[in-house]
$ cat query.tsv   # TSV, C-alpha atoms
chain	number	residue	atom	x	y	z
A	398	MET	CA	-71.06	-0.80	1.97
A	399	SER	CA	-69.20	-3.83	0.63
A	400	ALA	CA	-70.30	-7.40	1.03
A	401	ALA	CA	-67.50	-7.92	3.54
A	402	GLU	CA	-68.75	-5.01	5.65
A	403	LYS	CA	-72.26	-6.42	5.65
A	404	MET	CA	-71.18	-9.71	7.14
A	405	SER	CA	-72.58	-10.77	10.45
A	406	ARG	CA	-70.16	-11.71	13.20
A	407	ARG	CA	-70.73	-15.41	12.46
A	408	ASP	CA	-70.13	-14.81	8.76
A	409	GLU	CA	-66.94	-12.96	9.54
A	410	MET	CA	-65.68	-15.69	11.83
A	411	GLU	CA	-66.51	-18.40	9.31
A	412	THR	CA	-64.57	-16.42	6.72
A	413	LEU	CA	-61.52	-16.20	8.96
A	414	LEU	CA	-61.52	-19.82	10.14
A	415	PRO	CA	-59.48	-21.18	7.19
A	416	PHE	CA	-56.77	-18.65	7.97
A	417	TYR	CA	-56.95	-19.50	11.65
A	418	LEU	CA	-56.42	-23.14	10.74
A	419	ASN	CA	-53.47	-22.46	8.42
A	420	GLY	CA	-51.79	-20.37	11.09
A	421	SER	CA	-51.64	-17.15	9.10
A	422	LEU	CA	-54.12	-15.18	11.16
A	423	GLU	CA	-52.71	-12.49	13.41
A	424	GLY	CA	-53.55	-9.30	15.26
A	425	SER	CA	-57.16	-8.33	15.90
A	426	ASP	CA	-58.49	-11.01	13.53
A	427	LEU	CA	-56.72	-13.72	15.52
A	428	GLU	CA	-57.97	-12.30	18.80
A	429	ALA	CA	-61.52	-12.14	17.46
A	430	VAL	CA	-61.50	-15.78	16.32
A	431	GLU	CA	-59.97	-17.00	19.56
A	432	GLU	CA	-62.51	-15.04	21.57
A	433	TRP	CA	-65.33	-16.47	19.45
A	434	LEU	CA	-64.03	-20.01	19.86
A	435	ALA	CA	-63.85	-19.52	23.61
A	436	THR	CA	-67.32	-18.06	24.06
A	437	ASP	CA	-69.66	-19.34	21.35
A	438	PRO	CA	-70.87	-22.95	21.75
A	439	ALA	CA	-71.31	-23.23	17.99
A	440	ALA	CA	-67.76	-22.16	17.29
A	441	MET	CA	-66.01	-25.45	17.98
A	442	ALA	CA	-68.41	-27.29	15.69
A	443	ALA	CA	-67.67	-24.70	13.03
A	444	LEU	CA	-63.96	-25.26	13.53
A	445	GLY	CA	-64.51	-28.98	13.01
A	446	GLU	CA	-66.30	-28.26	9.74
A	447	ALA	CA	-63.43	-26.10	8.59
A	448	GLU	CA	-60.99	-28.86	9.50
A	449	ALA	CA	-62.98	-31.23	7.32
A	450	GLU	CA	-62.67	-28.75	4.46
A	451	PHE	CA	-58.94	-28.54	5.17
A	452	SER	CA	-58.62	-32.32	4.86
A	453	GLY	CA	-60.78	-32.47	1.75
A	454	THR	CA	-58.80	-29.75	0.02
A	455	SER	CA	-55.50	-31.37	0.89
A	456	ALA	CA	-56.70	-34.72	-0.40
A	457	ALA	CA	-57.95	-33.21	-3.64
A	458	ASN	CA	-54.60	-31.51	-4.25
A	459	GLU	CA	-52.43	-34.44	-3.22
A	460	ALA	CA	-54.33	-36.65	-5.63
A	461	ILE	CA	-52.73	-34.71	-8.47
A	462	ARG	CA	-49.36	-36.29	-9.25
A	463	PRO	CA	-46.78	-34.21	-11.11
A	464	PRO	CA	-44.83	-36.01	-13.84
A	465	ALA	CA	-41.56	-37.55	-12.72
A	466	ASP	CA	-39.48	-36.19	-15.58
A	467	ALA	CA	-40.36	-32.53	-15.06
A	468	LEU	CA	-36.97	-31.62	-13.60
A	469	SER	CA	-34.99	-33.08	-16.48
A	470	ARG	CA	-37.17	-31.21	-18.94
A	471	LEU	CA	-36.60	-27.99	-17.02
A	472	ALA	CA	-32.84	-28.60	-17.20
A	473	LYS	CA	-33.07	-28.98	-20.96
A	474	ALA	CA	-35.15	-25.83	-21.23
A	475	LEU	CA	-32.59	-23.94	-19.17
A	476	ASP	CA	-29.82	-25.20	-21.42
A	477	ALA	CA	-31.79	-24.12	-24.46
A	478	GLU	CA	-32.36	-20.68	-22.99
A	479	ALA	CA	-29.03	-19.93	-21.34
A	480	GLY	CA	-26.69	-22.41	-22.97
A	481	PRO	CA	-24.83	-25.17	-21.20
A	482	ALA	CA	-23.73	-24.49	-17.65
A	483	ARG	CA	-20.55	-22.46	-17.35
A	484	LYS	CA	-17.39	-24.53	-17.42
A	485	PRO	CA	-15.01	-24.00	-14.53
A	486	THR	CA	-11.91	-22.22	-15.82
A	487	GLY	CA	-9.23	-24.61	-17.01
A	488	SER	CA	-10.96	-27.63	-15.59
A	489	SER	CA	-11.30	-31.04	-17.13
A	490	TRP	CA	-14.50	-32.82	-18.09
A	491	LEU	CA	-14.12	-34.75	-14.89
A	492	ALA	CA	-14.05	-31.58	-12.80
A	493	GLN	CA	-17.19	-30.38	-14.57
A	494	ALA	CA	-18.97	-33.64	-13.93
A	495	TRP	CA	-17.82	-33.51	-10.34
A	496	GLY	CA	-19.14	-29.98	-9.98
A	497	ARG	CA	-22.58	-31.04	-11.11
A	498	PHE	CA	-22.70	-33.65	-8.38
A	499	MET	CA	-21.37	-31.50	-5.58
A	500	ALA	CA	-24.75	-30.35	-4.33
A	501	VAL	CA	-26.47	-33.67	-4.82
A	502	PRO	CA	-27.06	-35.89	-1.80
A	503	VAL	CA	-25.06	-39.05	-2.17
A	504	GLY	CA	-28.19	-41.10	-1.78
A	505	VAL	CA	-29.80	-39.46	-4.77
A	506	ALA	CA	-27.19	-40.56	-7.25
A	507	TRP	CA	-24.92	-42.79	-5.27
A	508	ALA	CA	-23.71	-45.00	-8.07
A	509	ALA	CA	-22.77	-42.13	-10.35
A	510	ALA	CA	-21.23	-40.15	-7.51
A	511	ALA	CA	-19.20	-43.14	-6.43
A	512	VAL	CA	-17.86	-43.56	-9.92
A	513	LEU	CA	-16.84	-39.92	-9.95
A	514	LEU	CA	-15.06	-40.26	-6.64
A	515	ALA	CA	-13.19	-43.22	-8.00
A	516	LEU	CA	-12.33	-41.35	-11.18
A	517	ILE	CA	-10.98	-38.45	-9.17
A	518	ALA	CA	-8.81	-40.88	-7.31
A	519	VAL	CA	-7.52	-42.08	-10.66
A	520	GLN	CA	-6.99	-38.53	-11.85
A	521	SER	CA	-4.98	-37.77	-8.74
A	522	LEU	CA	-2.71	-40.59	-9.84
A	523	VAL	CA	-2.52	-39.44	-13.40
A	524	GLN	CA	-1.79	-35.78	-12.88
A	525	PRO	CA	-0.08	-35.17	-9.55
A	526	GLY	CA	1.57	-31.79	-9.52
A	527	GLY	CA	1.11	-31.46	-13.25
A	528	LYS	CA	4.28	-33.38	-13.93
A	529	GLY	CA	4.99	-35.92	-16.62
A	530	LYS	CA	2.25	-38.49	-16.57
A	531	ASP	CA	4.18	-41.69	-17.19
A	532	PHE	CA	6.76	-41.08	-14.48
A	533	GLU	CA	4.29	-39.83	-11.92
A	534	ILE	CA	1.84	-42.67	-12.39
A	535	ALA	CA	4.38	-45.30	-11.43
A	536	GLY	CA	5.71	-43.35	-8.48
A	537	ALA	CA	2.33	-42.31	-7.17
A	538	GLN	CA	0.89	-45.78	-7.47
A	539	ASP	CA	3.80	-47.14	-5.56
A	540	ASP	CA	3.36	-44.55	-2.82
A	541	LEU	CA	-0.35	-45.08	-2.59
A	542	ALA	CA	0.04	-48.84	-2.47
A	543	LYS	CA	2.03	-48.42	0.73
A	544	MET	CA	-0.11	-45.67	2.18
A	545	PRO	CA	-2.01	-46.29	5.43
A	546	PHE	CA	-5.72	-46.39	4.77
A	547	ALA	CA	-9.16	-46.87	6.30
A	548	LEU	CA	-12.30	-48.33	4.80
A	549	VAL	CA	-15.11	-45.78	4.87
A	550	LYS	CA	-18.74	-45.89	3.91
A	551	PHE	CA	-20.64	-42.61	3.67
A	552	LYS	CA	-24.24	-42.03	4.65
A	553	PRO	CA	-26.73	-42.09	1.76
A	554	ASP	CA	-27.74	-38.47	2.38
A	555	ALA	CA	-24.17	-37.21	2.59
A	556	LYS	CA	-23.37	-34.30	0.31
A	557	MET	CA	-20.57	-34.82	-2.16
A	558	SER	CA	-19.40	-31.27	-1.54
A	559	ASP	CA	-19.05	-31.94	2.20
A	560	ILE	CA	-17.07	-35.11	1.61
A	561	SER	CA	-14.80	-33.47	-0.92
A	562	ALA	CA	-14.12	-30.48	1.29
A	563	PHE	CA	-13.36	-32.70	4.25
A	564	LEU	CA	-11.00	-34.97	2.36
A	565	GLY	CA	-9.17	-32.08	0.76
A	566	GLY	CA	-8.91	-30.15	4.00
A	567	ASN	CA	-7.36	-33.04	5.85
A	568	GLY	CA	-4.97	-34.30	3.22
A	569	LEU	CA	-6.99	-37.49	2.77
A	570	LYS	CA	-7.31	-39.23	-0.58
A	571	VAL	CA	-9.62	-41.74	-2.14
A	572	ILE	CA	-7.24	-44.49	-3.18
A	573	GLY	CA	-9.72	-47.23	-3.91
A	574	GLY	CA	-13.30	-48.25	-4.19
A	575	PRO	CA	-16.10	-47.98	-4.11
A	576	THR	CA	-17.12	-51.57	-3.60
A	577	ALA	CA	-20.55	-52.72	-4.64
A	578	ASP	CA	-21.94	-51.57	-1.34
A	579	GLY	CA	-20.24	-48.19	-1.46
A	580	VAL	CA	-17.12	-48.70	0.67
A	581	PHE	CA	-14.13	-46.49	-0.20
A	582	ARG	CA	-10.47	-46.96	0.66
A	583	ILE	CA	-9.33	-43.62	2.04
A	584	GLY	CA	-5.61	-42.97	2.18
A	585	ILE	CA	-4.46	-41.49	5.49
A	586	PRO	CA	-1.09	-39.68	5.50
A	587	ALA	CA	-0.29	-40.61	9.11
A	588	ALA	CA	3.31	-40.91	10.27
A	589	ASN	CA	2.60	-43.25	13.18
A	590	ALA	CA	-0.12	-45.33	14.78
A	591	ALA	CA	-1.21	-42.58	17.14
A	592	ASP	CA	-1.62	-40.12	14.30
A	593	TYR	CA	-3.49	-42.77	12.32
A	594	ALA	CA	-5.87	-43.40	15.22
A	595	LYS	CA	-6.45	-39.68	15.64
A	596	GLN	CA	-7.30	-39.20	11.97
A	597	LEU	CA	-9.53	-42.25	12.02
A	598	GLY	CA	-11.43	-40.66	14.90
A	599	ILE	CA	-11.81	-37.43	12.97
A	600	ILE	CA	-13.26	-39.28	9.98
A	601	ALA	CA	-15.64	-41.26	12.19
A	602	ALA	CA	-16.83	-38.05	13.85
A	603	GLN	CA	-17.99	-36.52	10.56
A	604	PRO	CA	-21.77	-36.39	10.21
A	605	PHE	CA	-21.58	-37.91	6.73
A	606	ALA	CA	-19.50	-40.92	7.83
A	607	ASP	CA	-21.57	-44.05	8.19
A	608	THR	CA	-18.96	-46.74	8.87
A	609	VAL	CA	-15.21	-46.39	9.42
A	610	ILE	CA	-13.07	-49.51	9.61
A	611	GLU	CA	-9.36	-49.70	10.31
A	612	GLY	CA	-7.23	-50.68	7.36
A	613	ARG	CA	-3.47	-50.63	7.05
A	614	LYS	CA	-1.81	-48.75	9.91
A	615	PRO	CA	1.55	-47.03	9.67
A	616	VAL	CA	4.52	-48.69	11.24
A	617	ASP	CA	5.28	-46.86	14.47
A	618	GLY	CA	8.26	-44.59	14.35
A	619	GLY	CA	8.11	-44.52	10.60
B	119	MET	CA	-25.30	-23.33	5.50
B	120	THR	CA	-26.39	-26.58	3.88
B	121	ALA	CA	-28.81	-26.80	1.00
B	122	ALA	CA	-31.39	-28.39	3.29
B	123	THR	CA	-31.52	-25.35	5.54
B	124	GLU	CA	-30.89	-22.66	2.96
B	125	THR	CA	-33.87	-20.35	2.75
B	126	ASP	CA	-35.84	-19.86	-0.41
B	127	ARG	CA	-34.68	-16.28	-0.60
B	128	ALA	CA	-31.03	-17.27	-0.32
B	129	LEU	CA	-31.58	-19.74	-3.13
B	130	VAL	CA	-33.18	-17.04	-5.28
B	131	ASP	CA	-30.09	-14.91	-4.64
B	132	ARG	CA	-27.98	-17.78	-5.92
B	133	VAL	CA	-30.22	-18.13	-8.97
B	134	ALA	CA	-29.76	-14.43	-9.65
B	135	LYS	CA	-26.02	-15.10	-9.85
B	136	GLY	CA	-26.55	-17.84	-12.41
B	137	ASP	CA	-26.53	-20.84	-10.10
B	138	ARG	CA	-28.59	-23.56	-11.75
B	139	ALA	CA	-28.24	-25.93	-8.82
B	140	ALA	CA	-30.28	-23.39	-6.84
B	141	VAL	CA	-33.01	-23.50	-9.49
B	142	ARG	CA	-33.08	-27.25	-9.09
B	143	LEU	CA	-33.42	-27.01	-5.33
B	144	LEU	CA	-36.25	-24.49	-5.58
B	145	PHE	CA	-37.89	-26.68	-8.20
B	146	MET	CA	-37.77	-29.69	-5.89
B	147	ARG	CA	-39.25	-27.65	-3.07
B	148	HIS	CA	-42.07	-25.96	-4.94
B	149	HIS	CA	-42.79	-27.70	-8.24
B	150	ALA	CA	-45.43	-30.11	-6.97
B	151	ARG	CA	-47.46	-27.35	-5.36
B	152	VAL	CA	-47.14	-25.06	-8.36
B	153	TYR	CA	-48.14	-27.92	-10.64
B	154	ARG	CA	-51.17	-28.76	-8.52
B	155	PHE	CA	-52.15	-25.12	-8.27
B	156	VAL	CA	-52.16	-24.75	-12.06
B	157	ALA	CA	-53.86	-28.10	-12.58
B	158	ARG	CA	-56.66	-26.99	-10.27
B	159	GLN	CA	-56.83	-23.61	-11.98
B	160	THR	CA	-56.98	-24.91	-15.52
B	161	GLY	CA	-58.43	-28.38	-15.08
B	162	SER	CA	-55.68	-29.64	-17.36
B	163	GLU	CA	-52.63	-31.55	-16.17
B	164	MET	CA	-51.05	-31.15	-19.58
B	165	MET	CA	-51.36	-27.40	-19.29
B	166	ALA	CA	-50.14	-27.57	-15.71
B	167	ASP	CA	-47.05	-29.46	-16.83
B	168	ASP	CA	-46.12	-26.79	-19.37
B	169	ILE	CA	-46.95	-23.86	-17.15
B	170	ALA	CA	-45.26	-25.20	-14.04
B	171	ASN	CA	-42.00	-25.62	-15.95
B	172	GLU	CA	-42.39	-22.14	-17.43
B	173	VAL	CA	-42.78	-20.77	-13.92
B	174	PHE	CA	-39.31	-22.02	-13.03
B	175	LEU	CA	-37.88	-20.65	-16.25
B	176	GLU	CA	-39.38	-17.32	-15.19
B	177	LEU	CA	-37.73	-17.79	-11.83
B	178	TRP	CA	-34.42	-18.11	-13.66
B	179	ARG	CA	-35.13	-14.97	-15.70
B	180	GLN	CA	-36.64	-12.82	-12.99
B	181	ALA	CA	-34.49	-13.78	-10.00
B	182	PRO	CA	-32.21	-10.73	-10.36
B	183	GLY	CA	-35.28	-8.51	-9.91
B	184	PHE	CA	-36.77	-10.36	-6.95
B	185	GLU	CA	-36.91	-7.91	-4.06
B	186	GLY	CA	-38.12	-10.28	-1.39
B	187	ARG	CA	-41.28	-8.33	-0.62
B	188	SER	CA	-43.23	-11.57	-0.57
B	189	GLU	CA	-42.43	-15.17	0.16
B	190	VAL	CA	-40.87	-17.04	-2.73
B	191	SER	CA	-43.79	-19.49	-2.69
B	192	THR	CA	-46.24	-16.59	-3.05
B	193	TRP	CA	-44.17	-15.12	-5.85
B	194	LEU	CA	-44.10	-18.43	-7.74
B	195	LEU	CA	-47.84	-18.94	-7.32
B	196	GLY	CA	-48.41	-15.42	-8.61
B	197	ILE	CA	-46.37	-16.17	-11.72
B	198	ALA	CA	-48.25	-19.45	-12.13
B	199	ARG	CA	-51.59	-17.71	-11.77
B	200	PHE	CA	-50.66	-15.13	-14.41
B	201	LYS	CA	-49.47	-17.75	-16.86
B	202	ALA	CA	-52.51	-19.94	-16.28
B	203	LEU	CA	-54.85	-17.03	-16.94
B	204	SER	CA	-52.92	-16.09	-20.07
B	205	GLN	CA	-53.14	-19.63	-21.39
B	206	LEU	CA	-56.82	-19.89	-20.62
B	207	ARG	CA	-57.54	-16.57	-22.29
B	208	LYS	CA	-55.74	-17.80	-25.35
B	209	LYS	CA	-58.08	-20.74	-25.35
B	210	LYS	CA	-60.96	-18.29	-25.03
B	211	GLU	CA	-62.22	-19.82	-21.86
B	212	ASP	CA	-65.13	-18.05	-20.29
B	213	TRP	CA	-64.59	-16.99	-16.76
B	214	ILE	CA	-67.34	-16.82	-14.24
B	215	ASP	CA	-67.74	-13.47	-12.56
B	216	ASP	CA	-68.27	-13.11	-8.86
B	217	GLU	CA	-72.04	-12.88	-9.11
B	218	ALA	CA	-72.40	-15.99	-11.22
B	219	ALA	CA	-69.83	-17.76	-9.09
B	220	ALA	CA	-72.07	-17.27	-6.09
B	221	ALA	CA	-74.52	-19.76	-7.54
B	222	VAL	CA	-74.59	-23.23	-6.07
B	223	PRO	CA	-72.69	-25.72	-8.27
B	224	ASP	CA	-75.03	-27.37	-10.71
B	225	SER	CA	-75.33	-31.09	-11.07
B	226	ALA	CA	-77.30	-33.43	-13.28
B	227	ASP	CA	-78.56	-35.19	-10.18
B	228	THR	CA	-79.85	-33.68	-7.03
B	229	PRO	CA	-77.27	-33.61	-4.26
B	230	GLU	CA	-79.33	-36.12	-2.33
B	231	VAL	CA	-79.13	-38.65	-5.13
B	232	VAL	CA	-75.47	-38.11	-5.83
B	233	THR	CA	-74.41	-38.34	-2.22
B	234	MET	CA	-76.67	-41.22	-1.27
B	235	LYS	CA	-73.79	-43.68	-1.39
B	236	GLU	CA	-70.96	-41.50	-0.27
B	237	ASP	CA	-69.99	-40.24	3.13
B	238	LYS	CA	-69.73	-36.65	4.17
B	239	ALA	CA	-65.99	-36.36	3.54
B	240	ALA	CA	-66.34	-37.63	0.00
B	241	ALA	CA	-69.28	-35.31	-0.57
B	242	LEU	CA	-67.32	-32.37	0.77
B	243	ARG	CA	-64.38	-33.10	-1.49
B	244	ARG	CA	-66.68	-33.34	-4.46
B	245	PHE	CA	-68.31	-30.03	-3.58
B	246	ILE	CA	-64.91	-28.37	-3.19
B	247	ASP	CA	-63.92	-29.60	-6.63
B	248	ALA	CA	-67.21	-28.35	-8.03
B	249	LEU	CA	-66.79	-24.82	-6.71
B	250	PRO	CA	-66.37	-22.09	-9.30
B	251	GLU	CA	-62.70	-21.51	-10.05
B	252	GLU	CA	-62.45	-18.19	-8.20
B	253	HIS	CA	-63.85	-19.70	-5.04
B	254	ARG	CA	-62.01	-22.98	-5.24
B	255	THR	CA	-58.76	-21.08	-5.73
B	256	VAL	CA	-59.02	-19.18	-2.44
B	257	ILE	CA	-59.93	-22.44	-0.72
B	258	ASP	CA	-56.89	-24.14	-2.24
B	259	LEU	CA	-54.57	-21.25	-1.44
B	260	ALA	CA	-55.70	-21.06	2.18
B	261	TYR	CA	-56.07	-24.73	3.06
B	262	TYR	CA	-53.48	-26.40	0.85
B	263	HIS	CA	-50.91	-23.69	0.18
B	264	GLY	CA	-51.16	-22.14	3.64
B	265	GLN	CA	-51.43	-18.62	2.29
B	266	SER	CA	-52.64	-15.68	4.36
B	267	VAL	CA	-55.37	-13.29	3.27
B	268	THR	CA	-52.73	-10.80	2.17
B	269	GLU	CA	-50.69	-13.40	0.28
B	270	ILE	CA	-53.75	-14.65	-1.57
B	271	GLY	CA	-54.43	-11.07	-2.55
B	272	GLU	CA	-50.89	-10.88	-3.95
B	273	VAL	CA	-51.17	-14.15	-5.87
B	274	LEU	CA	-54.52	-13.27	-7.38
B	275	ALA	CA	-53.85	-9.53	-7.67
B	276	ILE	CA	-57.07	-8.68	-5.86
B	277	PRO	CA	-57.79	-6.61	-2.73
B	278	VAL	CA	-57.82	-8.23	0.69
B	279	ALA	CA	-61.54	-7.51	1.04
B	280	THR	CA	-62.18	-9.43	-2.17
B	281	VAL	CA	-60.22	-12.39	-0.84
B	282	LYS	CA	-62.46	-12.42	2.23
B	283	THR	CA	-65.59	-12.06	0.14
B	284	ARG	CA	-64.60	-14.98	-2.05
B	285	MET	CA	-63.75	-17.09	0.97
B	286	PHE	CA	-67.09	-16.22	2.51
B	287	TYR	CA	-69.01	-17.25	-0.59
B	288	ALA	CA	-66.89	-20.36	-1.10
B	289	ARG	CA	-67.58	-21.62	2.41
B	290	LYS	CA	-71.20	-20.52	2.26
B	291	LYS	CA	-71.69	-22.50	-0.93
B	292	LEU	CA	-70.04	-25.55	0.59
B	293	GLY	CA	-72.36	-25.29	3.57
B	294	GLU	CA	-75.40	-24.98	1.36
B	295	ALA	CA	-74.34	-27.89	-0.82
B	296	LEU	CA	-73.74	-30.06	2.22
B	297	LYS	CA	-77.07	-29.06	3.70
B	298	ALA	CA	-78.83	-29.97	0.47
B	299	ALA	CA	-77.09	-33.34	0.65
B	300	GLY	CA	-78.37	-33.92	4.14
B	301	TYR	CA	-75.37	-32.72	6.13
B	302	ASP	CA	-76.54	-29.61	7.96
B	303	ARG	CA	-73.59	-28.00	9.68
B	304	GLY	CA	-75.46	-25.06	11.15
B	305	TRP	CA	-74.09	-22.38	8.87
B	306	PRO	CA	-75.13	-20.65	6.72

$ encode --input "query.tsv" --output "structure tokens"
Amino acid sequence: MSAAEKMSRRDEMETLLPFYLNGSLEGSDLEAVEEWLATDPAAMAALGEAEAEFSGTSAANEAIRPPADALSRLAKALDAEAGPARKPTGSSWLAQAWGRFMAVPVGVAWAAAAVLLALIAVQSLVQPGGKGKDFEIAGAQDDLAKMPFALVKFKPDAKMSDISAFLGGNGLKVIGGPTADGVFRIGIPAANAADYAKQLGIIAAQPFADTVIEGRKPVDGG
Amino acid sequence: MTAATETDRALVDRVAKGDRAAVRLLFMRHHARVYRFVARQTGSEMMADDIANEVFLELWRQAPGFEGRSEVSTWLLGIARFKALSQLRKKKEDWIDDEAAAAVPDSADTPEVVTMKEDKAAALRRFIDALPEEHRTVIDLAYYHGQSVTEIGEVLAIPVATVKTRMFYARKKLGEALKAAGYDRGWP
């Protein structure tokens, strides 16, 4: 007979209490502990003792602080093992940098992400439609300068991937910013004031939009 | 599905396809607990630092073979446990067997003297830390890591009955140590 089989009922219940407390107990073991707690006057005191152990164990573990640079070292180790992350086919360095930030909450690396957003806005000026750069820059800048826009600030926990997908899916463009406090100028391709107001409402309704302020509106009938 | 709600298993699937962002997310979710687990196992934060990072490299390597039979957290702790034991064996550490581990933790002072100026909670924490590694580990896995009897068996590669036996002795020893320090809790 094993030691476990030799246990008294109290021993058995005391053995199961930690698992009752962590919520992993089920089936007949759970029923047995609950029945014991309901019928044995000593059981609730025993549960209190186990709770004290729970607290003590948590405190002992939480007192151990992992180093802050562990993630960056893991990234280097992964690079050493598997090589640099795959480059998206035919993409620029900017697209690669953008890709690395896509899954990062804006609040985690806001400054760097904001710079990337701004750079992408610049790139959209530099290479529209893959045509000749010099000609397109002048034309695009001129168009964008006249484009209706709104001033938008995103929430700190917004995902870059969500913002990018939303902008791209709605024909919106980052045409300026960010300011020091993270406000972007978002170009809105609206033909009239009603369309502008509608698109402004859509932006404001996005879960990642923090503040949306009216900017230049289109001239009605234009 | 957003990253915040993506399950561990879905992230492991992404890792299996070469997605390093998924490794990063799993790292952020589990690293601290893996690190603490190894630190408690080995008594060395330096060793814990190395091993915890190796665990996530193993995650990268082994993700394609992960079958989802256990929780990802259990799987990671199992890898950590294996690596910690390997490292300790390399250092020729002596491990205490179950029989020896059943002995009450020794101390230069009597428990009464040591605990004279500390309250029961502080005494309890000290006694938990002083438990033999095999006993402290099941305490940590149950109370801090929230593992079930079966999951602890998987992490430590021991039968369920052995998990219960170790838990029994761990709690019995804590009770005895507390009693010796003047805190009789009625069991054992």

$ interface_residues --input "query.tsv" --of "chain A" --to "chain B" --cutoff "8 Å" --atoms "all atoms listed in the file" --output "PyMOL selection string"
chain A and resi 400-401+408-409+411-413+415-416+418-422+442-443+446+449-451+453-459+461-464+467-468+470-471+474-475+482+497+500

$ axis_aligned_box --input "query.tsv" --around "range 251-269 of chain B" --padding-each-side "6 Å" --output "AutoDock Vina command-line options"
--center_x -57.3 --center_y -18.6 --center_z -2.8 --size_x 25.2 --size_y 27.6 --size_z 26.4

$ residues_near_point --input "query.tsv" --point "(-65.9, -25.4, 18.2)" --cutoff "12 Å" --atoms "only C-alpha atoms" --output "count of residues only"
24

$ residues_around --input "query.tsv" --residues "Ile599 in chain A" --least-positions-apart "5" --cutoff "12 Å" --atoms "all atoms listed in the file" --output "list in words"
Ala547, Phe563, Leu564, Gly566, Asn567, Leu569, Ile585, Asp592, Tyr593, Ala594, Pro604, Phe605, Ala606 and Val609 of chain A

$ atom_distance --input "query.tsv" --atom1 "CA of His253 in chain B" --atom2 "CA of Glu176 in chain B"
26.6 Å

$ atom_distance --input "query.tsv" --atom1 "CA of Glu124 in chain B" --atom2 "CA of Thr192 in chain B"
17.6 Å
